[in-house]
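Novice: What follows is a structure written as structure tokens; I'll ask about it next.
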Amino acid sequence: MTDAAVHGHESSTGISNIKLGMWTFLGSECLLFGGLISTYMLYRGRVTGGPRPAQIFDIPFTSVSSFVLLMSSLTMVLAVSAAHKSEDKKTNLWLTVTALLGATFVGGQVYEFTAFYNEGLGFSTSLFGSSFYTLTGFHGVHVTVGIIMLMALVGIFKRSEVPGKKAEVVEMIGLYWHFVDIVWIIIFTLVYLIPV
Amino acid sequence: MTTDTTHKAAGTELAENHAETHGMSNAGYIRIAAILAAITALEVSTVYIDFGPFFLPALLIMMAVKFIMVVSYFMHLKFDNKIFSFMFYAGLILAVGVYAAFLATFKFFIQ
Amino acid sequence: MAIIERETEVTATGIDIATPTTTYGVLKRPVAATGWRAWVFTVDHKKLGLMYGATAMFFFIVGGVEALLIRLQLAAPNGKVLNADLYNQMFTMHATTMVFLFVMPMAAGFANYFIPLQIGARDVAFPRINALGFWLLLFGGIFINLSWFLGGAADGGWFMYAPNSGPVFSPTHGIDFWAFGLQIAGVASLTGSINLIVTVLNMRAPGMTLMKMPIFTWMMTVVQFLLLFAVPVITVALFLLSFQRNFGARFFDVAAGADPLLWQHLFWIFGHPEVYILVLPSFGIVSEVLPVFSRKPLFGYPFVVFSGAAIGFVGWGVWAHHMFASGLGPVSVAVFSLTTMAIAVPTGVKIINWTLTMWGGKLVFSTAMKFSIGLIVLFTVGGLSGVTHSVAPSDTQQTDTYYIVAHFHYVLFGGAVLGIFSGFYYWWPKMFGKMLSERLGNWNFWLMVIGMNLTFGPMHILGLQGQPRRMYQWTEARAGEGLFNFAFWNLVASIGSFVLAVGILLFLINVVITARNPTKSPLDPWNSRSLEWMTSNPPKEHNFDVIPTVHHLDEFFHRKYEEDPATHTMRQIATAEEVLAEQERNADKHIHMPSPSYWPIVLAGAVPIITFGMIFSHLIAVVGGVILLFASFGWALEPSTAPESDFENQAAHGTALDKVGH
């Protein structure tokens with residue numbers, strides 16, 4: 001299989017379709033998360049029953065998991081960098097580490113949700129509960145999808161069956177992963193650090 | 001939107017530049033990560049140290065700085081073709097503008 | 001059709017269609033070139049465009065029948081055709097069907113078919129995603145309409161205002177089907193928009209700068225940006241609604257302190273750009289048709305482009321004018337009132353440009369031209385009543401009356417639908433190689449225009465007289481007296497709706513007659529201007545034998561005509577046939593087209609299974625999820641264009657292969 005097959009004829013802009021497509025998609029995602037964040041901001045103080053945000057947030061714990069996700073961005077960028085140098089082993093290593101860090105973050109989120117639930121914050125408890133779980137849940141699903149893609153990529157790499165340029169595929173998943181990270185940067189500040 | 005009329009020759013040149021300037025060395029990435037980690041530590045410290053009237057603006061600025069650093073360096077937007085920046089920032093700025101107006105109609109900012 | 005690996009017909013020494021023999025994915029690649037498989041597994045943008053069109057036409061008929069039932073119910077006092085519950089479902093589904101399942105897919109069909117042709121490309125940037133989008137739309141549309149048979153359709157109006165759309169007020173599964181179905185159709189719109197934006201930016205023929213792009217492509221590009229940014233907003237709103245209805249979230253529960261305006265804001269932040277999503281494609285079509293039949297270039301092309309972009313941009317700042325009566329507060333109302341008046345300006349610019357395009361031209365009154373002129377006139381009527389809504393005090397009087405119904409049918413039927421019909425008559429020979437009958441077309445046009453004015457014109461009067469929207473009956477006691485009584489004008493509107501229906505029936509008859517007529521259309525029946533006409537009718541699978549190099553706006557016209565330096569008039573230097581023959585002489589020898597794939601339909605098929613499971617049994621959703629994951633892997637492992645080694649007849653020619661897309 002040739003790279004030319006994937007890249008087609010010279011594009012009008014000299015950039016690849018798939019990368020332009022990915023950035024276009026991320027532009028669109030801004031409005032998705034913007035809507036969820038705005039809904040949360042509108043409703044976070046509306047508690048008619050159950051705990052208020054300040055009563056249940058565990059800032060040290062969330063800080064650690066935020067830090068883990070932030071560092072996964074570093075390992076992801078190292079994977080992309082290795083992929084561009086065609087260092088397959090290193091690429092695989094960093095992709096695996098990124099997936100593990102991501103899994104740690106999602107594990108932390110599962111733990112956090114369980115703890116909140118035990119403290120009386122269910123999905124139906126209050127507007128705060130509904131909007132909090134929806135926002136962070138959507139983010140968690142995005143991270144999970146990212147982990148699946150990373151693991152799939154590692155698996156496929158071993159059988160060296162990646163259609164297209166390997167480095168570009170890694171880069172695309174990297175863009176997605178970093179986007180999920182920057183969404184968390186916003187959520188961490190707006191949801192956890194700024195009190196109602 | 002003017003950059004995307006680049007002709008073939010310019011396109012190839014761009015692609016070559018792209019390989020060279022493909023962001024930074026690994027050491028550079030680690031430096032960025034260290035700065036990000038430091039800012040995060042500072043953010044968390046606002047919970048424990050009283051920043052007075054600077055609390056909210058400081059947090060928002062730190063959030064924006066982290067955001068832009070990840071986008072510019074880890075996502076290479078700073079080094080890449082401007083069309084990518086256009087696509088992403090168009091979505092981002094539209095989202096911020098529309099949702100800020102949306103929250104304003106609920107008198108969110110004058111609570 | 002699999003990969004084309006054959007000499008072009010002119011230089012053919014024997015046609016040589018290669019068959020992929022090995023495969024990366026789980027399934028062997030589909031290779032059928034004919035029969036249903038050639039359609040179901042296709043990734044060809046032209047086939048997908050036609051499939052979008054056929055789907056949209058089907059839903060147009062469904063939505064039309066719903067409209068006729070509504071008009072039958074309202075034709076006389078105390079209507080007995082529908083009961084109140086069924087009437088609610090009928091108007092909800094009429095609007096939903098027309099907006100999401102007719103106009104949007106029809107525009108997507110035109111865009112799919114003509115954007116690659118107009119920019120001189122052989123396919124779109126992501127052919128498989130293109131196929132995925134179509135199947136998602138089809139399945140989403142079917143999913144929404146399944147609710148008719150499973151307990152009743154959605155009944156909250158197409159805007160589905162919360163909390164009225166909560167389970168307390170709408171206990172059937174109708175709204176669940178509606179929300180999930182629109183979610184599926186939304187994914188289709190989103191993938192389609194990404195695909196077409198990348199196509200337009202990246203796959204233009206050499207020399208085609210943005211300001212040399214045909215105007216239809218420009219308007220569709222603006223639409224794709226609107227979709228790109230508006231669809232996620234409705235996605236959020238629909239998720240909130242679904243979570244409330246299915247998982248007990250409190251988003252619209254006023255008892256829990258929820259703000260009922262949350263839904264309205266999210267819906268209209270999407271909903272107002274949506275209005276332009278519906279009408280800009282038709283603006284694009286009209287801007288193609290008018291110059292061709294005026295024998296003049298489009299007047300002020302840059303103004304049309306920039307006013308289109310301006311509409312797209314300002315369209316984001318006017319949403320709350322749909323909510324003037326909801327108690328937003330004076331500041332919000334004043335701000336949105338002003339922005340709404342402002343958005344009339346770029347629309348007015350377009351009307352002026354179209355008028356001046358015709359000014360002094362040699363007008364040819366073909367059916368396509370008549371529909372375009374019809375659009376200018378009737379859309380302007382709708383635009384004027386729209387300006388009366390932008391004045392908030394007057395809008396408060398008009399809100400929820402038939403005056404609003406009159407307004408948006410003038411802009412959507414008079415605007416979007418007439419533009420679409422103009423496109424049918426103009427592009428039919430391009431798509432099918434046969435011309436629709438102009439004689440029947442004339443009847444088609446006049447019956448539609450007279451029918452629509454009879455139907456929607458009286459609604460202005462009914463609305464100003466105070467007939468509310470969405471009331472399933474009106475009574476003699478409240479009908480009033482004199483010239484402006486309900487009884488007379490409701491009857492006129494109902495008669496008009498049947499005149500309109502006959503007009504559309506004539507179109508369908510025209511299609512059938514044309515299909516049976518063996519007469520082929522000429523290569524360039526309208527003396528057209530843009531690139532899509534610089535290929536055979538219908539186009540070959542690879543669109544162009546050689547990718548044209550573009551030097552002008554209206555490239556095809558400039559290949560046929562040049563300016564006489566002495567008289568400064570245009571004189572013909574080549575016929576369309578000669579231009580095409582020139583292309584064929586320089587044909588690329590080997591062209592690799594993207595290969596058909598099973599995965600788009602499999603992946604799309606998994607999604608309604610998941611949503612069905614969300615409503616009825618989570619176990620089914622899990623099964624759908626597994627299929628989705630499986631299909632995603634199959635998709636990811638399959639290169640979109642089958643590699644060299646997949647072919648039995650490996651190309652021994654050794655020349656550079658021109659390949660398309662991802």
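Each chain in the structure tokens gets a letter, A, B and so on, in the order shown; residues start at 1 in every chain, and ligands are counted from 1 in the order they appear.
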Chain C residues within 8 Å of chain B, counting only C-alpha atoms: which ones, as an NGL selection string?

Specialist: :C and (201 or 206-207 or 209-210 or 229 or 265 or 269 or 316-317 or 328 or 332)

Novice: Would you list, as a PyMOL selection string, the residues of segment 109-157 of chain C that end up in helix (DSSP H, G or I) under DSSP run on this structure's backbone?

Specialist: chain C and resi 109-118+127-149

Novice: I'd like to know which of B:Thr40, B:Phe88, B:Ile93, B:His76 is closest to chain A, using only C-alpha atoms.

Specialist: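 Looking at the shortest contact to chain A, the residue is B:Phe88.
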
Novice: Using only C-alpha atoms, determine which residues lie at most 12 Å from Val305 of chain C, disregarding the query and same-chain residues fewer than 6 positions distant; provide the list as a list in words.

Specialist: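 The neighbour list is Leu210, Met211, Lys212, Met213, Pro214, Ile215, Phe216, Thr217, Trp218, Met219, Met220, Thr221, Val222, Leu280, Phe283, Gly284, Ser287, Leu298, Phe299, Ile311, Gly312, Pro346, Thr347, Val349, Lys350 and Asn353 of chain C.
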
Novice: Can you list every residue of chain A that has an atom at most 8 Å from chain B, with its nearest atom pair and the distance in Å to one decimal, using only C-alpha atoms, ordered by chain then number, as a tab-separated table?

Specialist:
residue	atom	partner	partner_atom	distance
A:Glu10	CA	B:Lys8	CA	7.2
A:Ser11	CA	B:Lys8	CA	7.9
A:Ser12	CA	B:His7	CA	6.7
A:Thr13	CA	B:Asp4	CA	5.0
A:Gly14	CA	B:Gly11	CA	4.0
A:Ile15	CA	B:Ala15	CA	7.3
A:Leu20	CA	B:Phe84	CA	6.4
A:Trp23	CA	B:Phe84	CA	5.9
A:Thr24	CA	B:Met87	CA	5.4
A:Leu26	CA	B:Phe88	CA	6.3
A:Gly27	CA	B:Phe88	CA	4.2
A:Ser28	CA	B:Gly91	CA	5.9
A:Glu29	CA	B:Gly91	CA	7.9
A:Cys30	CA	B:Leu92	CA	5.5
A:Leu31	CA	B:Ala95	CA	5.1
A:Gly34	CA	B:Ala95	CA	5.9
A:Gly35	CA	B:Tyr99	CA	7.0
A:Ser38	CA	B:Tyr99	CA	6.5
A:Leu42	CA	B:Phe108	CA	7.1
A:Ile59	CA	B:Val44	CA	7.8
A:Ser63	CA	B:Val44	CA	7.0
A:Phe67	CA	B:Ala37	CA	7.0
A:Leu70	CA	B:Ala37	CA	7.7
A:Met71	CA	B:Ala33	CA	7.0
A:Ser73	CA	B:Phe74	CA	7.4
A:Leu74	CA	B:Ala33	CA	6.2
A:Val77	CA	B:Phe74	CA	6.0
A:Leu78	CA	B:Asn26	CA	6.6
A:Ser81	CA	B:Asn26	CA	7.5
A:Gly174	CA	B:Met75	CA	7.7
A:Leu175	CA	B:Met75	CA	5.9
A:His178	CA	B:Met75	CA	6.8
A:Phe179	CA	B:Val71	CA	7.9
A:Ile182	CA	B:Phe67	CA	5.6
A:Ile185	CA	B:Met63	CA	6.5
A:Ile186	CA	B:Met63	CA	6.4
A:Thr189	CA	B:Met63	CA	6.7
A:Leu193	CA	B:Val47	CA	6.8
A:Ile194	CA	B:Leu56	CA	7.3

Novice: Can you work out the spacing between atom CA of Ser170 of chain C and atom CA of Gly157 of chain C in Å, to one decimal?

Specialist: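 If I compute the distance from atom CA of Ser170 of chain C to atom CA of Gly157 of chain C, I get 11.5 Å.
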
Novice: I'd like the contact shell of Ile504 of chain C - 9 Å cut-off, only C-alpha atoms, skipping same-chain residues fewer than 5 positions apart - returned as a VMD selection string.

Specialist: chain C and resid 444 to 445 447 to 448 499 509

Novice: Could those residues be written to a file, using N, CA and C atoms, as an mmCIF file, in the first residue's frame?

Specialist:
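Output contents, as saved in selection_14.cif:
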data_model
loop_
_atom_site.group_PDB
_atom_site.id
_atom_site.type_symbol
_atom_site.label_atom_id
_atom_site.label_comp_id
_atom_site.auth_asym_id
_atom_site.auth_seq_id
_atom_site.Cartn_x
_atom_site.Cartn_y
_atom_site.Cartn_z
ATOM 1 N N ASN C 444 -46.838 22.879 -13.539
ATOM 2 C CA ASN C 444 -46.273 22.608 -12.222
ATOM 3 C C ASN C 444 -45.996 23.932 -11.488
ATOM 4 N N PHE C 445 -45.324 24.835 -12.198
ATOM 5 C CA PHE C 445 -44.956 26.105 -11.571
ATOM 6 C C PHE C 445 -46.171 26.920 -11.178
ATOM 7 N N LEU C 447 -49.359 26.131 -10.817
ATOM 8 C CA LEU C 447 -50.226 25.545 -9.791
ATOM 9 C C LEU C 447 -49.576 25.684 -8.412
ATOM 10 N N MET C 448 -48.249 25.491 -8.357
ATOM 11 C CA MET C 448 -47.579 25.614 -7.061
ATOM 12 C C MET C 448 -47.645 27.042 -6.544
ATOM 13 N N VAL C 499 -54.670 22.709 -4.329
ATOM 14 C CA VAL C 499 -54.101 23.191 -5.598
ATOM 15 C C VAL C 499 -52.591 22.971 -5.595
ATOM 16 N N ILE C 509 -45.478 13.412 -11.866
ATOM 17 C CA ILE C 509 -45.871 12.860 -13.164
ATOM 18 C C ILE C 509 -44.819 13.211 -14.216
#

Novice: Please compute the atom CA of Asn202 of chain C-atom CA of His592 of chain C distance, one decimal, in Å.

Specialist: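 Separating atom CA of Asn202 of chain C from atom CA of His592 of chain C is a distance of 18.1 Å.
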
Novice: For a quick check of understanding, using only C-alpha atoms, which of C:Leu523, C:Val279, C:Val626, C:Leu190 has the smallest distance to chain A?

Specialist: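 Ranked by minimum distance to chain A, first place goes to C:Leu190.
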
Novice: If you measure from atom CA of Pro163 of chain C to atom CA of Phe252 of chain C, what distance in Å do you get, rounded to one decimal?

Specialist: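 Separating atom CA of Pro163 of chain C from atom CA of Phe252 of chain C is a distance of 5.4 Å.
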
Novice: Name the residues in contact with Phe379 of chain C at a cut-off of 10 Å, using only C-alpha atoms, excluding same-chain residues fewer than 4 positions from it; report them as an MDAnalysis selection string.

Specialist: chainID C and resid 279 351 373:375 383:385 407:416 418

Novice: May I have the residues within 9 Å of Ser72 of chain A as a PyMOL selection string, using only C-alpha atoms and disregarding those fewer than 4 positions away in the same chain?

Specialist: chain A and resi 67-68+76-77+97-102+177-178+181

Novice: For segment 116-128 of chain A, list every protein, DNA or RNA residue within 6 Å, evaluated using only C-alpha atoms, and leave out those in the same chain fewer than 4 positions away; present the list as an MDAnalysis selection string.

Specialist: (chainID A and resid 43:44 46:47 50 132) or (chainID C and resid 248:250)

Novice: Would you output that residue set with N, CA and C atoms, as a PDB file, in the first residue's frame?

Specialist:
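Written out: part_8.pdb:
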ATOM      1  N   TYR A  43     -26.935  26.218  36.334  1.00  0.00           N
ATOM      2  CA  TYR A  43     -27.661  25.409  37.306  1.00  0.00           C
ATOM      3  C   TYR A  43     -26.857  25.009  38.540  1.00  0.00           C
ATOM      4  N   ARG A  44     -25.583  25.354  38.589  1.00  0.00           N
ATOM      5  CA  ARG A  44     -24.751  24.768  39.640  1.00  0.00           C
ATOM      6  C   ARG A  44     -25.198  25.198  41.042  1.00  0.00           C
ATOM      7  N   ARG A  46     -28.286  25.778  41.917  1.00  0.00           N
ATOM      8  CA  ARG A  46     -29.701  25.485  42.171  1.00  0.00           C
ATOM      9  C   ARG A  46     -29.857  24.117  42.826  1.00  0.00           C
ATOM     10  N   VAL A  47     -29.830  24.143  44.145  1.00  0.00           N
ATOM     11  CA  VAL A  47     -29.916  22.900  44.902  1.00  0.00           C
ATOM     12  C   VAL A  47     -31.148  22.969  45.787  1.00  0.00           C
ATOM     13  N   GLY A  50     -30.375  17.621  48.722  1.00  0.00           N
ATOM     14  CA  GLY A  50     -29.076  16.987  48.536  1.00  0.00           C
ATOM     15  C   GLY A  50     -27.948  17.986  48.743  1.00  0.00           C
ATOM     16  N   PHE A 132     -24.106  18.468  36.702  1.00  0.00           N
ATOM     17  CA  PHE A 132     -22.732  18.066  36.996  1.00  0.00           C
ATOM     18  C   PHE A 132     -22.407  16.713  36.356  1.00  0.00           C
TER      19      PHE A 132
ATOM     20  N   GLY C 248     -34.373  10.472  34.282  1.00  0.00           N
ATOM     21  CA  GLY C 248     -34.764  11.204  35.480  1.00  0.00           C
ATOM     22  C   GLY C 248     -33.959  12.446  35.809  1.00  0.00           C
ATOM     23  N   ALA C 249     -33.274  13.037  34.828  1.00  0.00           N
ATOM     24  CA  ALA C 249     -32.587  14.301  35.087  1.00  0.00           C
ATOM     25  C   ALA C 249     -33.624  15.395  35.325  1.00  0.00           C
ATOM     26  N   ARG C 250     -33.197  16.527  35.913  1.00  0.00           N
ATOM     27  CA  ARG C 250     -34.172  17.540  36.323  1.00  0.00           C
ATOM     28  C   ARG C 250     -34.144  18.809  35.475  1.00  0.00           C
TER      29      ARG C 250
END
